[in-house]
>>> print(open('entry34.txt').read())   # compact mmCIF, C-alpha atoms
# COMPACT_ATOMS: atom_id res chain seq x y z
CA MET A 1 0.00 0.00 0.00
CA LYS A 2 2.83 2.39 0.90
CA LYS A 3 4.58 1.55 -2.37
CA TRP A 4 1.39 2.39 -4.31
CA VAL A 5 1.06 5.74 -2.52
CA LEU A 6 4.71 6.58 -3.28
CA ILE A 7 4.23 5.77 -6.99
CA PHE A 8 1.10 7.94 -7.05
CA VAL A 9 2.88 10.87 -5.44
CA ILE A 10 5.81 10.62 -7.87
CA SER A 11 3.42 10.46 -10.81
CA LEU A 12 1.50 13.44 -9.54
CA LEU A 13 4.69 15.46 -9.12
CA SER A 14 5.81 14.52 -12.63
CA VAL A 15 2.52 15.68 -14.11
CA THR A 16 2.67 18.89 -12.07
CA ILE A 17 6.24 19.67 -13.17
CA ALA A 18 5.48 18.83 -16.79
CA GLY A 19 2.40 21.02 -16.66
CA ALA A 20 4.42 23.88 -15.19
CA GLU A 21 6.95 23.57 -17.98
CA GLU A 22 4.21 23.54 -20.59
CA THR A 23 2.63 26.67 -19.17
CA ASP A 24 5.89 28.61 -18.65
CA PRO A 25 5.25 31.60 -20.94
CA ILE A 26 8.94 32.28 -21.56
CA ALA A 27 9.68 28.64 -22.50
CA THR A 28 6.65 28.55 -24.79
CA GLN A 29 7.65 31.83 -26.39
CA ASN A 30 11.24 30.68 -26.99
CA ALA A 31 10.02 27.45 -28.61
CA SER A 32 7.82 29.46 -30.97
CA ARG A 33 10.68 31.79 -31.80
CA ARG A 34 13.02 28.89 -32.53
CA ASP A 35 10.44 27.63 -35.02
CA THR A 36 10.53 31.05 -36.69
CA ILE A 37 14.32 30.80 -36.96
CA ARG A 38 14.10 27.27 -38.42
CA TYR A 39 11.28 27.78 -40.86
CA GLY A 40 10.52 31.50 -41.16
CA THR A 41 10.81 33.83 -44.14
CA ASP A 42 13.31 36.70 -44.26
CA ALA A 43 10.55 39.11 -43.23
CA GLU A 44 9.59 36.97 -40.22
CA LEU A 45 13.22 36.61 -39.17
CA LEU A 46 13.81 40.35 -39.45
CA ALA A 47 10.77 41.03 -37.27
CA LEU A 48 12.01 38.54 -34.66
CA ILE A 49 15.49 40.10 -34.56
CA GLY A 50 13.89 43.49 -33.96
CA VAL A 51 11.92 42.10 -31.03
CA LEU A 52 15.00 40.44 -29.52
CA GLU A 53 16.92 43.72 -29.77
CA ASN A 54 14.15 45.64 -28.01
CA GLU A 55 13.99 43.03 -25.25
CA GLU A 56 17.80 42.79 -25.00
CA ASN A 57 17.16 39.06 -25.15
CA THR A 58 20.27 36.94 -25.89
CA SER A 59 18.73 33.49 -25.37
CA LEU A 60 18.46 32.80 -29.12
CA ASP A 61 21.85 34.16 -30.21
CA ALA A 62 23.28 30.68 -30.86
CA ASP A 63 20.31 29.79 -33.06
CA LEU A 64 20.69 32.96 -35.15
CA ILE A 65 24.45 32.41 -35.57
CA ALA A 66 23.89 28.79 -36.61
CA LEU A 67 21.44 29.88 -39.30
CA LEU A 68 23.76 32.68 -40.43
CA LYS A 69 26.43 30.12 -41.36
CA ASN A 70 24.13 28.57 -43.95
CA ALA A 71 21.57 31.25 -44.80
CA GLY A 72 21.80 33.16 -48.06
CA GLY A 73 19.08 35.80 -47.69
CA VAL A 74 20.70 39.22 -48.14
CA LYS A 75 18.41 41.07 -45.75
CA PHE A 76 18.68 38.37 -43.11
CA VAL A 77 22.49 38.32 -43.25
CA ASP A 78 22.57 42.11 -42.91
CA ALA A 79 20.17 42.01 -39.96
CA VAL A 80 22.07 39.31 -38.07
CA PHE A 81 25.41 41.01 -38.60
CA ALA A 82 23.91 44.31 -37.43
CA TYR A 83 22.55 42.54 -34.34
CA LEU A 84 25.89 40.87 -33.60
CA THR A 85 27.79 44.09 -34.29
CA LYS A 86 25.66 46.10 -31.88
CA GLY A 87 26.40 43.66 -29.07
CA LYS A 88 29.98 42.91 -30.19
CA LYS A 89 29.03 39.24 -30.13
CA GLU A 90 31.42 36.61 -31.44
CA GLY A 91 30.36 33.63 -33.52
CA GLY A 92 29.88 35.06 -37.01
CA GLU A 93 33.56 35.61 -37.88
CA ASN A 94 33.95 32.72 -40.34
CA ARG A 95 30.87 33.75 -42.29
CA ALA A 96 32.08 37.35 -42.42
CA LEU A 97 35.54 36.34 -43.69
CA GLN A 98 33.93 34.07 -46.25
CA ILE A 99 31.93 37.02 -47.57
CA LEU A 100 35.05 39.18 -47.89
CA GLN A 101 36.99 36.43 -49.65
CA ASN A 102 34.16 35.87 -52.15
CA ARG A 103 33.08 39.50 -52.42
CA ASP A 104 32.69 39.35 -56.22
CA LYS A 105 29.76 37.00 -55.64
CA GLU A 106 28.30 38.73 -52.58
CA ALA A 107 25.82 41.57 -52.20
CA ASN A 108 27.39 44.95 -51.46
CA SER A 109 25.33 45.38 -48.32
CA ASN A 110 26.51 42.00 -46.98
CA ILE A 111 30.14 43.04 -47.57
CA ASP A 112 29.57 46.28 -45.66
CA SER A 113 27.86 44.37 -42.84
CA ALA A 114 30.72 41.86 -42.66
CA LEU A 115 33.29 44.67 -42.48
CA GLN A 116 31.45 46.41 -39.67
CA TYR A 117 31.04 43.14 -37.78
CA LEU A 118 34.71 42.12 -38.03
CA SER A 119 35.64 45.58 -36.84
CA SER A 120 33.35 45.33 -33.82
CA VAL A 121 34.81 42.00 -32.65
CA LYS A 122 38.40 43.00 -33.56
CA ASN A 123 39.04 39.81 -35.51
CA LYS A 124 42.79 39.54 -36.12
CA LYS A 125 42.40 37.05 -38.97
CA ALA A 126 40.78 39.72 -41.13
CA SER A 127 43.97 41.73 -41.73
CA THR A 128 44.93 40.04 -45.03
CA ALA A 129 41.46 40.35 -46.54
CA LEU A 130 41.22 44.01 -45.48
CA ARG A 131 44.55 44.89 -47.09
CA GLU A 132 43.44 43.16 -50.29
CA ILE A 133 40.37 45.39 -50.43
CA LEU A 134 42.52 48.51 -49.96
CA GLU A 135 44.89 47.37 -52.72
CA THR A 136 42.02 47.11 -55.20
CA GLU A 137 41.14 50.77 -54.43
CA ASP A 138 37.48 49.84 -54.66
CA ALA A 139 35.74 53.05 -53.60
CA ARG A 140 32.71 51.11 -52.38
CA PHE A 141 34.57 49.37 -49.57
CA SER A 142 37.93 51.10 -49.06
CA THR A 143 36.84 53.41 -46.23
CA ALA A 144 35.11 50.59 -44.33
CA ALA A 145 38.14 48.32 -44.85
CA ALA A 146 40.51 51.01 -43.56
CA ARG A 147 38.41 51.49 -40.43
CA ALA A 148 38.17 47.76 -39.84
CA LEU A 149 41.95 47.43 -40.16
CA GLY A 150 42.28 49.81 -37.23
CA ALA A 151 40.24 47.47 -35.06
CA CYS A 152 41.81 44.26 -36.33
CA GLY A 153 45.37 45.35 -37.15
CA ASN A 154 48.80 45.34 -35.50
CA GLU A 155 52.06 47.30 -35.77
CA GLU A 156 52.74 45.98 -39.26
CA ASP A 157 49.29 47.10 -40.36
CA ALA A 158 50.08 50.56 -38.96
CA ASP A 159 53.22 50.66 -41.13
CA TYR A 160 51.11 49.62 -44.10
CA LEU A 161 48.56 52.37 -43.46
CA VAL A 162 51.24 55.06 -43.07
CA LYS A 163 52.83 54.02 -46.34
CA TYR A 164 49.43 53.85 -48.01
CA GLY A 165 48.58 57.35 -46.80
CA LYS A 166 51.88 58.81 -47.98
CA GLU A 167 52.10 57.21 -51.41
CA ARG A 168 48.55 57.54 -52.75
CA THR A 169 46.20 60.34 -53.58
CA LEU A 170 43.23 59.66 -51.34
CA THR A 171 39.80 61.08 -50.76
CA ASP A 172 39.24 63.04 -47.57
CA ALA A 173 37.00 60.26 -46.30
CA LEU A 174 39.61 57.54 -46.81
CA THR A 175 42.35 59.70 -45.30
CA ALA A 176 40.18 60.26 -42.24
CA GLU A 177 39.66 56.53 -41.80
CA ILE A 178 43.39 55.80 -42.11
CA ILE A 179 44.18 58.42 -39.47
CA TYR A 180 41.46 57.03 -37.22
CA SER A 181 42.78 53.49 -37.60
CA LEU A 182 46.33 54.53 -36.74
CA GLY A 183 44.96 55.83 -33.46
CA GLU A 184 43.09 52.60 -32.83
CA ILE A 185 46.20 50.49 -33.41
CA LYS A 186 48.10 52.82 -31.04
CA SER A 187 51.41 52.34 -32.81
CA LYS A 188 54.10 54.91 -32.02
CA ARG A 189 55.47 54.24 -35.50
CA ALA A 190 52.68 56.49 -36.77
CA THR A 191 53.66 59.51 -34.61
CA ASP A 192 55.79 61.29 -37.21
CA PHE A 193 53.13 60.89 -39.89
CA LEU A 194 50.43 62.31 -37.60
CA THR A 195 52.45 65.20 -36.15
CA GLY A 196 53.40 66.08 -39.72
CA ILE A 197 49.72 66.72 -40.36
CA LEU A 198 49.59 69.15 -37.43
CA SER A 199 52.63 71.11 -38.57
CA ASN A 200 51.55 71.29 -42.21
CA PRO A 201 49.96 74.73 -42.83
CA ASP A 202 47.95 73.28 -45.71
CA SER A 203 46.25 70.62 -43.57
CA LYS A 204 42.49 71.02 -43.24
CA SER A 205 41.07 71.46 -39.77
CA SER A 206 39.20 68.15 -40.07
CA LYS A 207 42.48 66.37 -40.81
CA LYS A 208 44.20 68.03 -37.83
CA ILE A 209 41.32 67.02 -35.58
CA GLY A 210 41.65 63.39 -36.69
CA ALA A 211 45.40 63.48 -36.09
CA LEU A 212 44.91 64.92 -32.59
CA GLU A 213 42.42 62.20 -31.73
CA ALA A 214 44.85 59.55 -32.92
CA LEU A 215 47.81 61.08 -31.09
CA GLY A 216 45.82 61.22 -27.88
CA LYS A 217 45.24 57.46 -28.13
CA ILE A 218 48.88 56.69 -28.99
CA ALA A 219 50.22 58.96 -26.19
CA ASP A 220 53.76 59.13 -27.51
CA GLN A 221 55.73 61.74 -25.56
CA ASN A 222 57.31 62.87 -28.84
CA SER A 223 53.95 64.27 -29.90
CA LEU A 224 53.41 66.48 -26.83
CA GLU A 225 54.93 69.69 -28.21
CA PRO A 226 52.98 69.54 -31.51
CA ILE A 227 49.79 69.02 -29.50
CA LEU A 228 50.57 71.97 -27.23
CA ASP A 229 51.21 74.08 -30.34
CA SER A 230 47.73 73.17 -31.55
CA LEU A 231 46.25 74.97 -28.54
CA ARG A 232 47.07 78.19 -30.39
CA ASP A 233 45.30 77.14 -33.61
CA LEU A 234 42.88 79.69 -35.04
CA ASP A 235 40.21 77.01 -35.40
CA ALA A 236 38.44 76.61 -32.06
CA ASN A 237 37.49 73.00 -32.82
CA VAL A 238 41.15 72.11 -33.31
CA ARG A 239 41.91 73.71 -29.92
CA SER A 240 39.22 71.67 -28.21
CA TYR A 241 40.58 68.40 -29.63
CA ALA A 242 44.09 69.42 -28.60
CA VAL A 243 42.87 69.75 -25.00
CA THR A 244 41.29 66.30 -25.21
CA ALA A 245 44.51 64.83 -26.58
CA LEU A 246 46.43 66.27 -23.62
CA SER A 247 44.43 64.04 -21.27
CA SER A 248 46.81 61.22 -22.16
CA PHE A 249 49.92 63.11 -21.02
CA SER A 250 51.30 63.97 -17.59
CA GLY A 251 53.57 66.65 -16.20
CA ASN A 252 53.40 70.27 -15.08
CA LYS A 253 53.45 71.63 -18.61
CA THR A 254 50.39 69.59 -19.53
CA GLU A 255 48.44 70.51 -16.38
CA LYS A 256 49.22 74.19 -16.83
CA ALA A 257 47.89 74.02 -20.39
CA LEU A 258 44.70 72.30 -19.21
CA ILE A 259 44.09 74.95 -16.54
CA GLU A 260 44.63 77.73 -19.07
CA ALA A 261 42.06 76.12 -21.40
CA PHE A 262 39.28 77.05 -18.93
CA ARG A 263 39.74 80.65 -20.12
CA ASP A 264 39.20 79.86 -23.80
CA SER A 265 36.38 81.84 -25.42
CA TYR A 266 35.02 78.78 -27.24
CA TYR A 267 32.70 76.69 -25.08
CA LYS A 268 33.83 73.33 -26.47
CA VAL A 269 37.39 74.04 -25.33
CA ARG A 270 36.09 74.71 -21.81
CA ILE A 271 34.09 71.47 -21.92
CA ALA A 272 37.18 69.57 -23.02
CA ALA A 273 39.17 71.16 -20.20
CA ALA A 274 36.54 70.11 -17.64
CA LYS A 275 36.47 66.52 -18.92
CA ALA A 276 40.27 66.33 -18.88
CA ALA A 277 40.42 67.73 -15.34
CA GLY A 278 37.87 65.15 -14.19
CA GLU A 279 39.68 62.26 -15.83
CA ARG A 280 42.95 63.31 -14.19
CA LYS A 281 41.24 64.14 -10.85
CA LEU A 282 43.07 67.43 -11.02
CA ALA A 283 42.53 69.10 -7.64
CA GLU A 284 44.13 72.33 -8.87
CA ALA A 285 41.21 72.72 -11.25
CA ILE A 286 38.52 72.80 -8.53
CA PRO A 287 38.30 76.64 -8.32
CA TYR A 288 37.99 76.85 -12.12
CA LEU A 289 35.36 74.11 -12.19
CA LYS A 290 33.39 75.82 -9.41
CA PHE A 291 33.43 79.07 -11.37
CA ARG A 292 32.28 77.32 -14.55
CA ALA A 293 29.58 75.30 -12.78
CA GLU A 294 28.13 78.42 -11.17
CA ARG A 295 28.65 81.13 -13.77
CA ASP A 296 29.33 79.82 -17.28
CA GLU A 297 26.79 81.06 -19.81
CA ILE A 298 26.58 77.66 -21.53
CA VAL A 299 24.59 74.93 -19.75
CA SER A 300 26.65 72.10 -21.26
CA VAL A 301 29.81 73.68 -19.79
CA LYS A 302 28.16 73.81 -16.35
CA GLU A 303 27.18 70.17 -16.74
CA ALA A 304 30.72 69.15 -17.71
CA ALA A 305 32.13 71.08 -14.74
CA LEU A 306 29.75 69.35 -12.32
CA SER A 307 30.64 65.92 -13.73
CA ALA A 308 34.34 66.74 -13.39
CA LEU A 309 33.89 67.81 -9.77
CA GLY A 310 32.13 64.50 -9.17
CA SER A 311 35.02 62.59 -10.74
CA ILE A 312 37.48 64.42 -8.49
CA GLY A 313 35.22 63.42 -5.61
CA SER A 314 36.95 65.26 -2.75
CA GLY A 315 34.94 66.68 0.13
CA GLU A 316 35.40 70.19 -1.25
CA ALA A 317 34.25 69.16 -4.73
CA LEU A 318 31.16 67.33 -3.45
CA GLU A 319 30.09 70.24 -1.26
CA ILE A 320 30.22 72.55 -4.29
CA ILE A 321 27.97 70.09 -6.13
CA PHE A 322 25.59 69.79 -3.17
CA SER A 323 25.30 73.56 -2.90
CA LEU A 324 24.19 73.82 -6.53
CA PHE A 325 21.87 70.82 -6.20
CA SER A 326 20.15 72.37 -3.18
CA GLU A 327 19.45 75.61 -5.02
CA LYS A 328 15.98 75.33 -6.57
CA LYS A 329 16.87 77.89 -9.23
CA THR A 330 19.46 75.48 -10.63
CA ALA A 331 18.26 74.01 -13.92
CA ASP A 332 16.65 70.55 -13.69
CA ARG A 333 19.26 69.07 -16.02
CA LEU A 334 22.04 70.29 -13.74
CA ARG A 335 20.33 69.04 -10.58
CA ILE A 336 20.11 65.57 -12.17
CA THR A 337 23.82 65.71 -13.08
CA SER A 338 24.60 66.82 -9.53
CA ALA A 339 22.58 63.98 -8.03
CA LYS A 340 24.40 61.45 -10.17
CA ALA A 341 27.79 62.76 -9.03
CA MET A 342 26.82 62.78 -5.36
CA LEU A 343 25.27 59.32 -5.30
CA GLU A 344 28.19 57.78 -7.18
CA LYS A 345 30.72 59.10 -4.67
CA ALA A 346 28.86 59.32 -1.35
CA PRO A 347 25.39 57.72 -1.63
CA ASP A 348 24.74 57.31 2.08
CA LYS A 349 25.57 60.95 2.77
CA TYR A 350 23.35 62.46 0.08
CA ILE A 351 20.56 59.95 -0.57
CA THR A 352 18.08 61.56 1.83
CA ALA A 353 18.43 64.95 0.13
CA VAL A 354 18.03 63.44 -3.34
CA ILE A 355 14.90 61.49 -2.35
CA ALA A 356 13.39 64.64 -0.81
CA ALA A 357 14.08 66.58 -4.01
CA MET A 358 12.55 63.79 -6.09
CA GLU A 359 9.37 63.73 -4.00
CA GLN A 360 9.07 67.50 -4.15
CA ALA A 361 9.49 67.41 -7.94
CA LYS A 362 6.65 64.90 -8.18
CA ALA A 363 4.42 67.00 -5.93
CA GLU A 364 5.11 70.04 -8.12
CA LYS A 365 4.51 67.94 -11.28
CA LYS A 366 8.05 68.54 -12.53
CA MET A 367 8.10 65.11 -14.12
CA LEU A 368 11.34 65.52 -16.06
CA LEU A 369 13.18 66.24 -12.80
CA TYR A 370 11.25 63.52 -10.96
CA HIS A 371 12.11 60.77 -13.44
CA GLY A 372 15.67 62.00 -13.82
CA LEU A 373 16.28 61.76 -10.07
CA ALA A 374 14.35 58.49 -9.77
CA LYS A 375 16.47 56.92 -12.50
CA ILE A 376 19.66 58.01 -10.72
CA ILE A 377 18.35 56.59 -7.44
CA SER A 378 17.49 53.28 -9.14
CA MET A 379 21.15 52.95 -10.18
CA THR A 380 22.50 53.47 -6.65
CA LYS A 381 24.04 50.63 -4.67
CA THR A 382 23.49 51.10 -0.94
CA PRO A 383 21.75 49.20 1.89
CA ASN A 384 19.79 52.36 2.74
CA LEU A 385 17.27 52.32 -0.10
CA GLU A 386 15.06 49.36 0.82
CA GLU A 387 12.18 51.56 1.99
CA GLN A 388 12.31 53.63 -1.19
CA THR A 389 12.36 50.40 -3.17
CA ARG A 390 9.12 49.40 -1.43
CA ARG A 391 7.52 52.70 -2.41
CA PHE A 392 8.54 52.26 -6.04
CA LEU A 393 7.25 48.67 -6.17
CA SER A 394 3.94 49.66 -4.54
CA SER A 395 3.31 52.48 -7.01
CA ASN A 396 0.52 52.29 -9.59
CA ASP A 397 2.94 53.60 -12.21
CA THR A 398 4.73 50.93 -14.29
CA ILE A 399 7.87 53.05 -14.65
CA ASP A 400 8.09 53.40 -10.86
CA LYS A 401 7.80 49.62 -10.58
CA MET A 402 10.76 49.30 -12.97
CA TYR A 403 12.80 51.62 -10.74
CA GLY A 404 11.97 49.38 -7.80
CA LEU A 405 12.95 46.25 -9.68
CA ASP A 406 16.25 47.81 -10.74
CA LEU A 407 17.01 48.64 -7.11
CA THR A 408 16.10 45.10 -6.04
CA ILE A 409 18.35 43.55 -8.68
CA LEU A 410 21.25 45.85 -7.81
CA ASN A 411 21.03 45.67 -4.02
CA ARG A 412 19.47 42.22 -3.50
CA TYR A 413 16.95 43.41 -0.92
CA GLU A 414 15.41 40.23 0.52
CA GLY A 415 12.68 42.09 2.36
CA VAL A 416 10.87 43.19 -0.82
CA LYS A 417 10.59 39.77 -2.50
CA GLU A 418 6.87 39.41 -1.75
CA LEU A 419 6.16 42.77 -3.35
CA VAL A 420 8.13 41.65 -6.40
CA ARG A 421 6.20 38.36 -6.61
CA ALA A 422 2.94 40.27 -6.50
CA LEU A 423 3.90 41.98 -9.77
CA GLU A 424 4.10 38.68 -11.71
CA LYS A 425 0.37 38.47 -12.36
CA GLY A 426 -0.45 40.22 -15.62
CA ALA A 427 3.13 41.38 -16.25
CA ASN A 428 4.25 41.81 -19.84
CA THR A 429 7.29 39.88 -21.13
CA ALA A 430 9.81 42.66 -20.51
CA LEU A 431 8.56 43.27 -16.97
CA LEU A 432 8.41 39.54 -16.27
CA ARG A 433 12.06 39.06 -17.22
CA LYS A 434 13.08 41.82 -14.82
CA ILE A 435 10.91 40.29 -12.09
CA LYS A 436 12.69 36.96 -12.59
CA LEU A 437 16.05 38.69 -12.21
CA ALA A 438 14.88 40.45 -9.07
CA LEU A 439 13.81 37.11 -7.62
CA GLY A 440 17.11 35.50 -8.55
CA GLU A 441 15.42 33.15 -11.00
>>> encode(input="entry34.txt", output="structure tokens")
Amino acid sequence: MKKWVLIFVISLLSVTIAGAEETDPIATQNASRRDTIRYGTDAELLALIGVLENEENTSLDADLIALLKNAGGVKFVDAVFAYLTKGKKEGGENRALQILQNRDKEANSNIDSALQYLSSVKNKKASTALREILETEDARFSTAAARALGACGNEEDADYLVKYGKERTLTDALTAEIIYSLGEIKSKRATDFLTGILSNPDSKSSKKIGALEALGKIADQNSLEPILDSLRDLDANVRSYAVTALSSFSGNKTEKALIEAFRDSYYKVRIAAAKAAGERKLAEAIPYLKFRAERDEIVSVKEAALSALGSIGSGEALEIIFSLFSEKKTADRLRITSAKAMLEKAPDKYITAVIAAMEQAKAEKKMLLYHGLAKIISMTKTPNLEEQTRRFLSSNDTIDKMYGLDLTILNRYEGVKELVRALEKGANTALLRKIKLALGE
């Protein structure tokens, strides 16, 4: 009799588990989507890829890559490569190289997609095929091949690009891509070629800007003086890129130049100076950043100054930020930037003030400020936000619920799990996935 009861219980459990699996909406949905990948038309596949992108759903990546290896539909190949490129996902390299090697038989759009994909995953095996495209001087693909070589290439490829740039008459677009790629490879062998562009009085501003970007990435000390000279260029855009390039260099001469850039009449130069000061955590720049945050006529400069003060993160810098945040006359955009800086550096010290400001914004129907502050709060890791998480989860507003779920996922608050479970009923797919993450499932 006991044996019969045991068999019955096991059978009942098996039926229950099987039934649960059959009714799992995510499992059912994935099975349906896999059928679309196996048997669907190009149009159906394209629609599915769009849905997966919106959901940030990676569960079917392997299925898409497997089909890509054998599929010939032009639109489908483009869509999968675009999807893989966006996420820098590996798996499609062999198909991409095959397309480049047989490009006479492939659609132009597929070749472009393959080039962009190989560039995104920095596939080192692509170097030979990319040089071959440049040698053919095929205007359709040369610029994309040059850019991809920057992502996939090495020191020898840098030598090749320098020689290519010196010996051929190139379009502005192709020249720009070669300069960009030299910066990506970060080879000091390219320094002389790039500084030569800066010292050439006939160089266009756009070409100088590209060279400055590349030199900033290479960070060869031999390029410091030419970069400093560019701070006196008549073109304000060139000056701003020169300031950015200086971020890669150290020393008193560099820091003095960065401080002086806060006085430049062009706002982009001041923004570049603020970003550089923040990246270097340059304490000497705090008085200049305070002045810019409080009194600059351009809002984007104020915003850059506040972010830089946050990056420096000293007590003095944070109190300057808090002072501006507490002033109601401060623009909403700047208060949001201030909140982000404060909660990144000292969340427990400033969280009460930020929550109070958020609640006041909601009461005054300043919804841009409310959601800006709520989003910043939802990205804050601290044990002191469990009560606010409860309020978000208990709200009638779906966006508020999402803020609460984000906080639960980030901080792993055990005390809100029942509130999270209560959201499962009637939740859409996107919300349900986030609920599962919040529950650790």
>>> residues_around(input="entry34.txt", residues="A:Leu289", least_positions_apart="5", cutoff="9 Å", atoms="only C-alpha atoms", output="ChimeraX atom specification")
/A:262,274,277,294,302,304-306,308-309
>>> atom_distance(input="entry34.txt", atom1="atom CA of A:Arg335", atom2="atom CA of A:Ser247")
26.8 Å
>>> closest_residue(input="entry34.txt", among="A:Leu46, A:Phe392, A:Glu137, A:Asn200", to="A:Thr169", atoms="all atoms listed in the file")
A:Glu137
>>> residues_around(input="entry34.txt", residues="A:Phe193", least_positions_apart="3", cutoff="10 Å", atoms="only C-alpha atoms", output="list in words")
Val162, Lys163, Gly165, Lys166, Ile179, Leu182, Lys188, Arg189, Ala190, Gly196, Ile197, Leu198 and Ala211 of chain A
>>> write_last_selection(input="entry34.txt", atoms="C-alpha atoms", output="short mmCIF file (atom, residue, chain, number, x, y, z; two decimals), keeping the file's coordinate frame")
data_model
loop_
_atom_site.label_atom_id
_atom_site.label_comp_id
_atom_site.auth_asym_id
_atom_site.auth_seq_id
_atom_site.Cartn_x
_atom_site.Cartn_y
_atom_site.Cartn_z
CA VAL A 162 51.24 55.06 -43.07
CA LYS A 163 52.83 54.02 -46.34
CA GLY A 165 48.58 57.35 -46.80
CA LYS A 166 51.88 58.81 -47.98
CA ILE A 179 44.18 58.42 -39.47
CA LEU A 182 46.33 54.53 -36.74
CA LYS A 188 54.10 54.91 -32.02
CA ARG A 189 55.47 54.24 -35.50
CA ALA A 190 52.68 56.49 -36.77
CA GLY A 196 53.40 66.08 -39.72
CA ILE A 197 49.72 66.72 -40.36
CA LEU A 198 49.59 69.15 -37.43
CA ALA A 211 45.40 63.48 -36.09
#
>>> atom_distance(input="entry34.txt", atom1="atom CA of A:Ala139", atom2="atom CA of A:Thr195")
27.0 Å
>>> closest_residue(input="entry34.txt", among="A:Val121, A:Ala374, A:Ala236, A:Leu246", to="A:Gln221", atoms="only C-alpha atoms")
A:Leu246
>>> atom_distance(input="entry34.txt", atom1="atom CA of A:Ile178", atom2="atom CA of A:Gly216")
15.4 Å
>>> residues_around(input="entry34.txt", residues="A:Ile351", least_positions_apart="5", cutoff="9 Å", atoms="only C-alpha atoms", output="list in words")
Ala339, Met342, Leu343, Ala346, Ala356, Ile377, Asn384 and Leu385 of chain A
>>> residues_around(input="entry34.txt", residues="A:Leu100", least_positions_apart="4", cutoff="9 Å", atoms="all atoms listed in the file", output="compact mmCIF listing (two decimals) with C-alpha atoms, in the frame of the given file")
# COMPACT_ATOMS: atom_id res chain seq x y z
CA ARG A 95 30.87 33.75 -42.29
CA ALA A 96 32.08 37.35 -42.42
CA ASP A 104 32.69 39.35 -56.22
CA GLU A 106 28.30 38.73 -52.58
CA ILE A 111 30.14 43.04 -47.57
CA ALA A 114 30.72 41.86 -42.66
CA LEU A 115 33.29 44.67 -42.48
CA ALA A 126 40.78 39.72 -41.13
CA ALA A 129 41.46 40.35 -46.54
CA LEU A 130 41.22 44.01 -45.48
CA ILE A 133 40.37 45.39 -50.43
